[in-house]
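Chemist: After the C-alpha cells below, expect a handful of questions from me.
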Amino acid sequence: MSLDVSPALLAQAERGEVDEADFVDCVRTSLPYAWEMISSLVAQLKVDGGEFADNQTPPPDEQARGQLLRALASDAIRGALQRHFGVRLAFQNCHRVAVFPLDGSADERLARFTSPRGQLLNQSPELRDC
C-alpha cells in the first residue's frame, strides 16, 4: 500500500474532491523517508542556489527505497509534492532524486538530467538491482 489513509480522508475522497493540504499531509506521514529526502533537497537548493540539488546516496533499506519509488512513480503524489514545495522533481534509478526550480532557469540542466544520456551515465554495478 502506498499511503496510510485515515478514515476521514477516505470519506472525503468518497464524497468528492480532496483538499490538497490533507493529501500532502497524508503523503508526509505515510512516506517519511521520501518526504525528508525531498524536504532536505528543497532546503539545500534554497541555501546553495544553483540549477538543482540532488541526492546520490542510496536509501538505507528496501522500505526507504520503496517510499521513494511510490512517491515519485505516482503522478498524484509527485504532482502534489511539486506544488507543495514549489519545485520540479526528477528521478533516476531507485534513489537519485533531484529538485529543480520552477522558474525555468534550470530547464537545460533538467533536460540533461532526464535525458537517456543522463540516465545511462548514472548507472553503476552497485545500482543494478535497485
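Following the order of the C-alpha cells, first chain is A, next is B, and so on, with residues numbered from 1 inside each chain and ligands from 1 in the order they appear.
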Write out as a list in words each polymer residue whose atoms come within 10 Å of Gly86 (chain A), counting only C-alpha atoms; drop sequence neighbours fewer than 4 positions from it.
Modeler: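 Here the answer would be Val42, Ala80, Leu81, Gln82, Val99, Phe100, Pro101, Leu102 and Asp103 of chain A.
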Chemist: Could you write those residues out with all heavy atoms, as a compact mmCIF listing (two decimals), in the first residue's frame?
Modeler:
# COMPACT_ATOMS: atom_id res chain seq x y z
N VAL A 42 15.07 20.42 -1.15
CA VAL A 42 14.49 21.74 -1.37
C VAL A 42 15.23 22.77 -0.53
O VAL A 42 15.59 23.86 -1.01
CB VAL A 42 12.98 21.74 -1.06
CG1 VAL A 42 12.42 23.15 -1.03
CG2 VAL A 42 12.23 20.89 -2.08
N ALA A 80 1.55 16.61 -6.29
CA ALA A 80 1.25 17.31 -5.03
C ALA A 80 2.53 17.77 -4.35
O ALA A 80 2.60 18.89 -3.81
CB ALA A 80 0.44 16.41 -4.09
N LEU A 81 3.56 16.94 -4.36
CA LEU A 81 4.84 17.33 -3.77
C LEU A 81 5.46 18.50 -4.52
O LEU A 81 5.99 19.43 -3.91
CB LEU A 81 5.81 16.14 -3.74
CG LEU A 81 5.45 15.01 -2.78
CD1 LEU A 81 6.35 13.80 -3.02
CD2 LEU A 81 5.54 15.48 -1.34
N GLN A 82 5.40 18.47 -5.83
CA GLN A 82 5.95 19.57 -6.62
C GLN A 82 5.22 20.88 -6.31
O GLN A 82 5.85 21.92 -6.14
CB GLN A 82 5.87 19.26 -8.12
CG GLN A 82 6.84 18.17 -8.52
CD GLN A 82 6.79 17.83 -9.99
OE1 GLN A 82 7.84 17.71 -10.60
NE2 GLN A 82 5.61 17.65 -10.58
N VAL A 99 15.80 18.08 -7.30
CA VAL A 99 14.81 19.16 -7.32
C VAL A 99 15.36 20.30 -8.15
O VAL A 99 16.54 20.63 -8.08
CB VAL A 99 14.43 19.64 -5.89
CG1 VAL A 99 13.77 18.53 -5.11
CG2 VAL A 99 15.61 20.18 -5.13
N PHE A 100 14.48 20.86 -8.96
CA PHE A 100 14.82 21.96 -9.85
C PHE A 100 13.85 23.11 -9.60
O PHE A 100 12.68 22.87 -9.32
CB PHE A 100 14.70 21.51 -11.32
CG PHE A 100 15.71 20.49 -11.73
CD1 PHE A 100 15.50 19.14 -11.46
CD2 PHE A 100 16.87 20.85 -12.38
CE1 PHE A 100 16.43 18.18 -11.83
CE2 PHE A 100 17.80 19.91 -12.77
CZ PHE A 100 17.59 18.57 -12.49
N PRO A 101 14.31 24.34 -9.72
CA PRO A 101 13.40 25.48 -9.54
C PRO A 101 12.32 25.50 -10.63
O PRO A 101 12.51 24.98 -11.72
CB PRO A 101 14.30 26.70 -9.62
CG PRO A 101 15.55 26.25 -10.27
CD PRO A 101 15.67 24.77 -10.06
N LEU A 102 11.20 26.12 -10.30
CA LEU A 102 10.10 26.24 -11.26
C LEU A 102 10.32 27.30 -12.32
O LEU A 102 9.72 27.25 -13.39
CB LEU A 102 8.80 26.59 -10.52
CG LEU A 102 8.14 25.48 -9.72
CD1 LEU A 102 6.93 26.02 -8.99
CD2 LEU A 102 7.75 24.32 -10.62
N ASP A 103 11.17 28.27 -12.04
CA ASP A 103 11.25 29.47 -12.87
C ASP A 103 11.85 29.28 -14.26
O ASP A 103 11.94 30.22 -15.04
CB ASP A 103 11.99 30.58 -12.14
CG ASP A 103 13.45 30.24 -11.88
OD1 ASP A 103 13.98 29.26 -12.43
OD2 ASP A 103 14.07 30.98 -11.09
Chemist: Which residues come within 12 Å of region 20-26 of chain A, counting only C-alpha atoms, excluding same-chain residues fewer than 3 positions away, as a VMD selection string?
Modeler: chain A and resid 2 to 10 12 to 13 17 29 to 32 35 71 76 to 85
Chemist: Between A:Ser105, A:Asn93, A:Gln67, A:Thr57, which one has atoms that come closest to Val27 (chain A), using only C-alpha atoms?
Modeler: A:Gln67
Chemist: Could you find all residues in region 42-91 of chain A that DSSP calls helix (DSSP H, G or I) from the backbone, and write them as JSON, numbers by chain?
Modeler: {"A": [42, 43, 44, 45, 46, 47, 48, 62, 63, 64, 65, 66, 67, 68, 69, 70, 71, 72, 73, 75, 76, 77, 78, 79, 80, 81, 82, 83, 84, 85]}
Chemist: Give me every strand (DSSP E or B) residue in chain A, going by DSSP on the backbone, as a list of chain:residue names.
Modeler: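 Output for chain A, strand (DSSP E or B) only: A:Ala53, A:Asp54, A:Val87, A:Arg88, A:Leu89, A:Ala90, A:Phe91, A:Gln92, A:Arg96, A:Val97, A:Ala98, A:Val99, A:Phe100, A:Pro101.
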Chemist: Which is closest to Arg70 (chain A) among A:Ala34, A:Ala11, A:Val18, A:Leu89, if we use only C-alpha atoms?
Modeler: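 Comparing A:Ala34, A:Ala11, A:Val18, A:Leu89 against Arg70 (chain A), the winner is A:Ala34.
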Chemist: Kindly indicate which residue among A:Gly104, A:Gly16, A:Glu36, A:Ser74 lies nearest to Arg88 (chain A), using only C-alpha atoms for the distances.
Modeler: A:Gly104
Chemist: As an exercise, work out the distance from CA of Arg112 (chain A) to CA of Ala98 (chain A) in Å and give it to one decimal place.
Modeler: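 CA of Arg112 (chain A) sits 12.1 Å away from CA of Ala98 (chain A).
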